[in-house]
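Novice: This one is model_29.cif, mmCIF, C-alpha atoms.
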data_start
#
loop_
_atom_site.label_atom_id
_atom_site.label_comp_id
_atom_site.auth_asym_id
_atom_site.auth_seq_id
_atom_site.Cartn_x
_atom_site.Cartn_y
_atom_site.Cartn_z
CA MET L 809 2.98 124.66 -137.20
CA SER L 810 0.27 125.56 -134.70
CA LYS L 811 0.92 125.06 -131.03
CA PRO L 812 -1.39 122.60 -129.25
CA SER L 813 -3.62 124.06 -126.54
CA HIS L 814 -2.85 121.09 -124.30
CA ILE L 815 0.24 121.59 -122.14
CA PRO L 816 2.02 118.24 -121.69
CA VAL L 817 3.37 117.48 -118.22
CA LEU L 818 6.84 116.38 -117.14
CA VAL L 819 8.16 116.71 -120.70
CA GLN L 820 11.80 117.27 -119.82
CA GLU L 821 11.76 114.42 -117.32
CA VAL L 822 10.20 112.05 -119.88
CA VAL L 823 12.71 112.93 -122.60
CA THR L 824 15.68 112.75 -120.22
CA LEU L 825 14.73 109.38 -118.74
CA LEU L 826 13.54 107.71 -121.95
CA ASP L 827 16.72 109.11 -123.53
CA PRO L 828 15.79 108.32 -127.16
CA LYS L 829 18.59 107.73 -129.68
CA PRO L 830 18.44 108.69 -133.39
CA ASN L 831 17.67 105.15 -134.61
CA ASN L 832 15.22 104.20 -131.85
CA ILE L 833 11.66 103.00 -132.25
CA LEU L 834 9.31 104.64 -129.75
CA VAL L 835 5.63 104.30 -128.93
CA ASP L 836 3.55 107.15 -127.55
CA ALA L 837 0.49 105.16 -126.55
CA THR L 838 -1.52 108.29 -125.75
CA VAL L 839 -0.23 110.73 -128.34
CA GLY L 840 -3.03 113.24 -127.77
CA LEU L 841 -2.15 116.53 -129.46
CA GLY L 842 1.54 115.59 -129.78
CA GLY L 843 3.07 117.59 -126.94
CA HIS L 844 5.34 114.80 -125.70
CA ALA L 845 5.72 113.27 -129.15
CA ILE L 846 7.28 116.35 -130.72
CA LYS L 847 10.04 116.43 -128.10
CA LEU L 848 10.73 112.73 -128.65
CA LEU L 849 10.68 113.12 -132.43
CA GLU L 850 13.27 115.89 -132.18
CA ARG L 851 15.69 113.27 -130.86
CA LEU L 852 14.99 110.69 -133.56
CA GLY L 853 16.94 110.59 -136.81
CA ALA L 854 15.79 109.55 -140.28
CA GLN L 855 15.97 105.86 -139.28
CA GLY L 856 14.01 106.37 -136.09
CA ARG L 857 10.27 105.85 -135.79
CA LEU L 858 7.54 106.99 -133.41
CA ILE L 859 4.19 105.21 -133.34
CA GLY L 860 1.53 107.51 -131.92
CA ILE L 861 -1.66 105.88 -130.67
CA ASP L 862 -4.89 107.54 -129.58
CA GLN L 863 -8.53 106.51 -129.48
CA ASP L 864 -9.73 110.07 -130.12
CA GLU L 865 -9.91 110.82 -133.84
CA GLN L 866 -10.06 114.57 -133.20
CA ALA L 867 -6.81 114.39 -131.24
CA LEU L 868 -5.13 112.35 -133.99
CA GLN L 869 -6.11 114.94 -136.59
CA SER L 870 -4.57 117.69 -134.48
CA ALA L 871 -1.43 115.64 -133.83
CA ARG L 872 -1.05 114.90 -137.55
CA GLU L 873 -1.03 118.62 -138.30
CA TYR L 874 1.20 119.57 -135.37
CA LEU L 875 3.78 116.86 -136.13
CA LYS L 876 3.73 117.09 -139.93
CA GLN L 877 7.37 118.16 -140.16
CA TYR L 878 8.26 114.71 -138.80
CA GLN L 879 5.83 112.73 -140.95
CA ASP L 880 8.68 110.68 -142.45
CA ARG L 881 9.35 109.09 -139.06
CA LEU L 882 5.82 109.12 -137.61
CA VAL L 883 3.05 106.51 -137.73
CA LEU L 884 -0.32 107.48 -136.25
CA VAL L 885 -2.82 104.77 -135.29
CA ARG L 886 -6.33 105.07 -133.89
CA GLY L 887 -7.23 102.69 -131.11
CA ASN L 888 -7.35 102.05 -127.37
CA PHE L 889 -3.96 101.27 -125.86
CA ARG L 890 -5.48 98.25 -124.13
CA ASN L 891 -4.88 96.61 -127.56
CA LEU L 892 -1.28 97.87 -127.71
CA ILE L 893 0.38 94.88 -129.37
CA GLN L 894 -2.30 94.71 -132.06
CA LEU L 895 -2.07 98.45 -132.75
CA VAL L 896 1.70 98.58 -133.28
CA PRO L 897 2.42 97.64 -136.93
CA SER L 898 3.61 94.03 -137.00
CA ASP L 899 6.83 94.80 -138.90
CA ILE L 900 7.77 97.19 -136.09
CA GLY L 901 6.41 95.20 -133.18
CA SER L 902 8.28 92.06 -134.23
CA GLN L 903 11.58 93.92 -133.73
CA GLY L 904 10.61 95.22 -130.32
CA VAL L 905 10.68 98.89 -129.37
CA ASP L 906 13.12 101.02 -127.41
CA GLY L 907 10.73 103.17 -125.42
CA ILE L 908 7.05 103.50 -124.56
CA LEU L 909 5.22 106.45 -123.02
CA ILE L 910 1.73 106.18 -121.53
CA ASP L 911 0.26 109.48 -120.35
CA LEU L 912 -3.01 108.76 -118.55
CA GLY L 913 -4.20 112.36 -118.36
CA VAL L 914 -7.36 113.62 -120.03
CA SER L 915 -6.27 116.18 -122.62
CA SER L 916 -7.34 119.81 -122.57
CA LEU L 917 -8.96 119.13 -125.96
CA GLN L 918 -11.41 116.84 -124.18
CA LEU L 919 -11.81 118.82 -120.96
CA ASP L 920 -12.27 122.17 -122.66
CA GLU L 921 -14.58 121.01 -125.45
CA PRO L 922 -18.05 121.56 -123.96
CA THR L 923 -19.80 119.03 -126.18
CA ARG L 924 -17.71 116.14 -124.83
CA GLY L 925 -19.30 116.32 -121.38
CA PHE L 926 -16.11 115.79 -119.37
CA SER L 927 -16.29 119.02 -117.39
CA PHE L 928 -18.79 120.26 -114.83
CA LEU L 929 -17.90 123.81 -115.88
CA HIS L 930 -19.81 123.55 -119.18
CA ASN L 931 -23.41 122.51 -119.75
CA ALA L 932 -23.32 119.68 -122.28
CA PRO L 933 -24.67 116.20 -122.93
CA LEU L 934 -23.39 113.83 -120.24
CA ASP L 935 -21.22 111.82 -122.63
CA MET L 936 -17.60 111.43 -121.39
CA ARG L 937 -16.56 108.91 -124.05
CA MET L 938 -12.92 109.37 -125.05
CA ASP L 939 -13.67 107.51 -128.26
CA ALA L 940 -16.90 109.20 -129.28
CA GLY L 941 -17.28 106.99 -132.33
CA GLY L 942 -16.50 103.76 -130.56
CA SER L 943 -18.31 102.59 -127.43
CA ASP L 944 -22.05 103.16 -127.25
CA LEU L 945 -22.02 103.50 -123.45
CA THR L 946 -22.13 107.08 -122.16
CA ALA L 947 -21.93 108.49 -118.65
CA ALA L 948 -25.64 109.33 -118.93
CA ASP L 949 -26.41 105.66 -119.60
CA ILE L 950 -24.62 104.67 -116.41
CA VAL L 951 -26.24 107.37 -114.27
CA ASN L 952 -29.72 106.61 -115.52
CA GLN L 953 -29.60 102.81 -115.71
CA ALA L 954 -27.32 101.53 -112.95
CA ASN L 955 -28.93 100.50 -109.66
CA PHE L 956 -28.12 101.89 -106.21
CA THR L 957 -25.45 99.31 -105.36
CA GLU L 958 -23.63 99.69 -108.67
CA LEU L 959 -23.64 103.49 -108.59
CA VAL L 960 -22.33 103.53 -105.01
CA ARG L 961 -19.56 101.12 -106.04
CA ILE L 962 -18.57 103.32 -108.99
CA LEU L 963 -18.43 106.51 -106.91
CA GLN L 964 -16.55 104.85 -104.06
CA GLU L 965 -14.15 102.73 -106.11
CA PHE L 966 -13.37 105.12 -108.96
CA GLY L 967 -13.96 108.49 -107.28
CA GLU L 968 -13.14 107.69 -103.65
CA GLU L 969 -16.24 109.77 -102.91
CA PRO L 970 -17.02 109.75 -99.15
CA LYS L 971 -20.63 110.89 -99.71
CA ALA L 972 -21.37 108.27 -102.37
CA GLU L 973 -24.51 106.81 -100.78
CA ASN L 974 -26.15 110.21 -100.23
CA ILE L 975 -25.32 111.34 -103.77
CA VAL L 976 -26.72 108.14 -105.26
CA LYS L 977 -29.94 108.55 -103.27
CA ARG L 978 -30.31 112.01 -104.82
CA ILE L 979 -29.59 110.56 -108.28
CA LEU L 980 -32.37 108.00 -107.86
CA GLU L 981 -34.81 110.67 -106.64
CA PHE L 982 -33.96 112.90 -109.61
CA ARG L 983 -34.42 109.97 -112.01
CA LYS L 984 -38.02 109.57 -110.84
CA ARG L 985 -38.80 113.00 -112.29
CA ARG L 986 -36.73 112.85 -115.46
CA PRO L 987 -33.48 111.42 -116.84
CA ILE L 988 -30.13 113.03 -116.00
CA THR L 989 -28.97 114.03 -119.48
CA THR L 990 -26.56 116.95 -119.05
CA THR L 991 -23.51 117.85 -117.01
CA PHE L 992 -25.44 120.58 -115.21
CA ASP L 993 -28.18 118.08 -114.33
CA LEU L 994 -25.54 116.02 -112.57
CA VAL L 995 -24.01 119.06 -110.86
CA GLU L 996 -27.48 119.95 -109.57
CA VAL L 997 -27.96 116.44 -108.21
CA VAL L 998 -24.57 116.37 -106.47
CA GLY L 999 -25.22 119.74 -104.82
CA GLY L 1000 -22.89 121.14 -102.18
CA ARG L 1001 -20.97 124.38 -101.98
CA PRO L 1002 -17.93 124.85 -104.22
CA GLY L 1003 -14.78 124.94 -102.13
CA LYS L 1004 -11.13 124.19 -102.79
CA ILE L 1005 -12.36 121.09 -104.62
CA HIS L 1006 -15.64 121.34 -106.51
CA PRO L 1007 -18.22 118.96 -104.96
CA ALA L 1008 -18.78 117.28 -108.34
CA THR L 1009 -15.07 116.59 -109.00
CA ARG L 1010 -14.97 113.03 -107.66
CA VAL L 1011 -18.32 112.12 -109.20
CA PHE L 1012 -17.24 113.25 -112.66
CA GLN L 1013 -13.91 111.42 -112.30
CA ALA L 1014 -15.66 108.21 -111.26
CA LEU L 1015 -18.12 108.31 -114.15
CA ARG L 1016 -15.39 109.09 -116.68
CA ILE L 1017 -13.33 106.13 -115.46
CA ALA L 1018 -16.36 103.83 -115.54
CA THR L 1019 -17.50 105.01 -118.97
CA ASN L 1020 -14.09 104.41 -120.55
CA GLN L 1021 -13.07 101.37 -118.44
CA GLU L 1022 -9.83 103.25 -117.76
CA LEU L 1023 -8.43 101.17 -114.91
CA GLN L 1024 -9.15 97.90 -116.71
CA ALA L 1025 -7.45 99.24 -119.84
CA LEU L 1026 -4.41 100.31 -117.78
CA SER L 1027 -4.12 96.85 -116.19
CA GLU L 1028 -4.27 95.30 -119.67
CA VAL L 1029 -1.71 97.57 -121.36
CA LEU L 1030 1.12 97.31 -118.81
CA PRO L 1031 2.08 93.64 -119.44
CA GLN L 1032 1.79 94.22 -123.20
CA ALA L 1033 4.15 97.18 -122.94
CA ILE L 1034 6.78 95.12 -121.13
CA GLU L 1035 6.43 92.36 -123.72
CA LEU L 1036 6.84 94.85 -126.57
CA LEU L 1037 10.06 96.36 -125.20
CA ARG L 1038 13.47 95.19 -126.31
CA SER L 1039 16.04 94.38 -123.64
CA GLY L 1040 17.15 97.74 -122.30
CA GLY L 1041 13.94 99.42 -123.49
CA LYS L 1042 12.14 101.79 -121.14
CA LEU L 1043 8.50 102.26 -120.16
CA ALA L 1044 7.34 105.58 -118.72
CA VAL L 1045 3.85 106.03 -117.26
CA ILE L 1046 2.32 109.32 -116.12
CA SER L 1047 -0.68 108.95 -113.81
CA PHE L 1048 -2.95 111.60 -112.36
CA HIS L 1049 -4.71 110.04 -109.38
CA SER L 1050 -4.02 107.46 -106.72
CA LEU L 1051 -6.07 104.69 -108.35
CA GLU L 1052 -3.93 104.76 -111.51
CA ASP L 1053 -0.66 105.21 -109.65
CA ARG L 1054 -1.40 102.29 -107.35
CA ILE L 1055 -1.93 99.96 -110.33
CA VAL L 1056 1.31 101.14 -111.98
CA LYS L 1057 3.33 101.01 -108.75
CA ASN L 1058 2.19 97.50 -107.84
CA PHE L 1059 2.70 96.16 -111.37
CA PHE L 1060 6.23 97.57 -111.55
CA LYS L 1061 7.04 96.23 -108.08
CA ASN L 1062 5.90 92.72 -109.04
CA GLN L 1063 7.79 92.82 -112.35
CA ALA L 1064 10.95 94.05 -110.62
CA THR L 1065 10.68 91.30 -108.01
CA GLY L 1066 10.34 88.79 -110.82
CA GLY L 1067 13.52 90.10 -112.45
CA ARG L 1068 11.92 91.39 -115.68
CA ILE L 1069 12.55 95.09 -115.10
CA LYS L 1070 14.51 97.48 -112.96
CA LEU L 1071 13.08 100.64 -111.47
CA LEU L 1072 14.80 103.80 -112.72
CA SER L 1073 13.40 105.85 -109.85
CA LYS L 1074 12.55 104.55 -106.40
CA LYS L 1075 9.73 107.03 -105.97
CA ALA L 1076 7.29 108.59 -108.41
CA ILE L 1077 8.60 111.77 -110.01
CA ALA L 1078 6.39 114.83 -109.52
CA PRO L 1079 6.39 118.11 -111.47
CA SER L 1080 8.59 120.90 -110.19
CA TRP L 1081 7.10 123.84 -108.33
CA GLU L 1082 7.71 125.97 -111.42
CA GLU L 1083 5.77 123.56 -113.63
CA ARG L 1084 2.87 123.32 -111.18
CA LYS L 1085 2.69 127.10 -111.07
CA ARG L 1086 2.83 127.39 -114.87
CA ASN L 1087 0.37 124.55 -115.46
CA PRO L 1088 -1.95 123.88 -112.48
CA ARG L 1089 -3.33 120.75 -114.19
CA SER L 1090 0.08 119.13 -113.70
CA ARG L 1091 -0.10 119.26 -109.90
CA SER L 1092 -1.32 115.68 -109.43
CA ALA L 1093 0.92 114.08 -112.08
CA LYS L 1094 3.27 111.25 -111.14
CA LEU L 1095 5.86 109.71 -113.45
CA ARG L 1096 7.22 106.19 -112.98
CA ILE L 1097 9.76 104.70 -115.35
CA VAL L 1098 11.36 101.27 -115.65
CA GLU L 1099 13.87 99.51 -117.88
CA LYS L 1100 13.41 95.99 -119.23
CA ILE L 1101 16.19 93.64 -118.24
#
Can you give me the file's structure in the form of structure tokens?
Specialist:
Amino acid sequence: MSKPSHIPVLVQEVVTLLDPKPNNILVDATVGLGGHAIKLLERLGAQGRLIGIDQDEQALQSAREYLKQYQDRLVLVRGNFRNLIQLVPSDIGSQGVDGILIDLGVSSLQLDEPTRGFSFLHNAPLDMRMDAGGSDLTAADIVNQANFTELVRILQEFGEEPKAENIVKRILEFRKRRPITTTFDLVEVVGGRPGKIHPATRVFQALRIATNQELQALSEVLPQAIELLRSGGKLAVISFHSLEDRIVKNFFKNQATGGRIKLLSKKAIAPSWEERKRNPRSRSAKLRIVEKI
């Protein structure tokens, strides 16, 4: 069994709080390379089941290999979690499930694969699609076709980029000469001196979110997850930036006020200092977990 290169965050906290039992049915809606799933599967018995969902076929292939010792209790499904209820097999979904995990992080498989275009550290086509075989819209399409107002909105709303207007002006000037087709093209346009945070960080985040409609998908999956849970079932969500966490926090607050769920932690749970030191990519992670009443 090969070890996945992606280091999952808050694993112990997820397992402890979801507290899976041997006969439980669980859903990992972003199974990725299987880092969380393997720890959950270890707690499931022969009658337990874990449905692993991911829109990235490459990730599913890796997870299938990594989790093969548990194949008798594992179902892997390709799709976007925004269609959660449709993706869970009907014979399982009709019973309800005992726990759901949604990890909103971009996996190391995607970040570290130069051809995917997620990282400004590698020169690659400006793609950024999490489901490379699905949507036709790439980040390059957005950068080269959107008008000034739309690009400013994307950078401000999805990247919280304070220099959005100036960056977009440079994008439009660059487009007059030739299309922006690679990650390094975009880095050149953004400009600025690398500091504690690379000047292109917020721009790349904004375009990735826009390309994959990430915030819309998150807003769509949360009510489906609550519906899919049995009474007493738990939903855990790991977010990585304030835009995601705000959506999760407000949804949970409204559902708790309406009496559908109870919050299992008053505040978001962050990684320990030891975990942040061991895995710097975990530093912005926040875990929120609720139980259906």
Novice: Given the choices L:Leu826, L:Leu980, L:Leu852, L:Leu1026, which gets closest to Val998 (chain L) if the distance is worked out from only C-alpha atoms?
Specialist: L:Leu980
Novice: For this file, the PyMOL selection byres ((chain L and resi 1031) around 12) selects which residues, as number ranges by chain?
Specialist: L: 889-893, 1025-1030, 1032-1037, 1043, 1055-1056, 1059-1060, 1062-1063, 1068-1069, 1100
Novice: Apply the PyMOL selection byres ((chain L and resi 1010) around 12) to the file shown and report the selected residues as a list in words.
Specialist: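 Evaluating the PyMOL selection byres ((chain L and resi 1010) around 12) on this file yields Ser927, Phe928, Ile962, Leu963, Gln964, Glu965, Phe966, Gly967, Glu968, Glu969, Pro970, Lys971, Ala972, Ile975, Val995, Val998, Ile1005, His1006, Pro1007, Ala1008, Thr1009, Val1011, Phe1012, Gln1013, Ala1014, Leu1015, Arg1016, Ile1017 and His1049 of chain L.
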Novice: Fewer than 6 positions away in the same chain doesn't count, so skip those; otherwise give me all residues within 10 Å of Arg1038 (chain L), counting all atoms listed in the file, as a list in words.
Specialist: Ile833, Gly901, Ser902, Gln903, Gly904, Val905, Asp906, Gly907, Glu1099, Lys1100 and Ile1101 of chain L
Novice: Counting all atoms listed in the file, which residue out of L:Gln866, L:Lys847, L:Arg881, L:Leu1072 sits closest to Asn831 (chain L)?
Specialist: L:Arg881
Novice: Written as a PDB file with C-alpha atoms, in the coordinates of the input, what is the full residue list that the PyMOL selection byres ((chain L and resi 911) around 8) yields on the file shown?
Specialist:
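Resulting contents of result_14.pdb:
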ATOM      1  CA  ALA L 837       0.490 105.160-126.550  1.00  0.00           C
ATOM      2  CA  THR L 838      -1.520 108.290-125.750  1.00  0.00           C
ATOM      3  CA  LEU L 909       5.220 106.450-123.020  1.00  0.00           C
ATOM      4  CA  ILE L 910       1.730 106.180-121.530  1.00  0.00           C
ATOM      5  CA  LEU L 912      -3.010 108.760-118.550  1.00  0.00           C
ATOM      6  CA  GLY L 913      -4.200 112.360-118.360  1.00  0.00           C
ATOM      7  CA  VAL L1045       3.850 106.030-117.260  1.00  0.00           C
ATOM      8  CA  ILE L1046       2.320 109.320-116.120  1.00  0.00           C
ATOM      9  CA  SER L1047      -0.680 108.950-113.810  1.00  0.00           C
TER      10      SER L1047
END
Novice: Which residue is closest to Arg872 (chain L)? Choose from L:Gly842, L:Pro1002, L:Arg924, L:Ala1078 and count only C-alpha atoms.
Specialist: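 Answer, going by the shortest atom-to-atom distance: L:Gly842.
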Novice: Set the distance at 10 Å and use only C-alpha atoms: which residues neighbour region 816-823 of chain L once local chain neighbours fewer than 2 positions away are removed? I'd like the list as a PyMOL selection string.
Specialist: chain L and resi 812-814+825-828+840-845+847-848+851+909+911+913+915-916+1043-1046+1077-1080+1083-1084+1087+1089-1091+1093-1097
Novice: Between L:Ile859, L:Met936, L:Leu929, L:Val1098, which is the closest to Lys1061 (chain L) once you count all atoms listed in the file?
Specialist: L:Val1098
Novice: Which is closer to Gln894 (chain L) than all the others in L:Leu834, L:Ile988, L:Val960, L:Ile861, using all atoms listed in the file?
Specialist: L:Ile861
Novice: Ranking L:Ser870, L:Gly925, L:Arg857, L:Leu895 by minimum distance to Val883 (chain L) and counting all atoms listed in the file, which one comes first?
Specialist: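 Closest candidate: L:Arg857.
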Novice: Please compute the CA of Arg937 (chain L)-CA of Asp864 (chain L) distance, one decimal, in Å.
Specialist: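 Going from CA of Arg937 (chain L) over to CA of Asp864 (chain L) covers 9.2 Å.
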Novice: Output as JSON the centre and edge lengths (Å, one decimal) of the box along x, y and z of the file that holds every listed atom of region 1073-1079 of chain L after adding 6 Å on each side.
Specialist:
{"center_x": 9.9, "center_y": 111.3, "center_z": -108.7, "size_x": 19.0, "size_y": 25.6, "size_z": 17.5}
Novice: Using CA of Gln953 (chain L) and CA of Asn888 (chain L) as the two end points, give the distance in Å to one decimal.
Specialist: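 Atom-to-atom, CA of Gln953 (chain L) and CA of Asn888 (chain L) are spaced 25.1 Å apart.
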Novice: Between CA of Leu959 (chain L) and CA of Gln863 (chain L), measure the distance and give it in Å to one decimal.
Specialist: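 These two atoms are separated by 26.0 Å.
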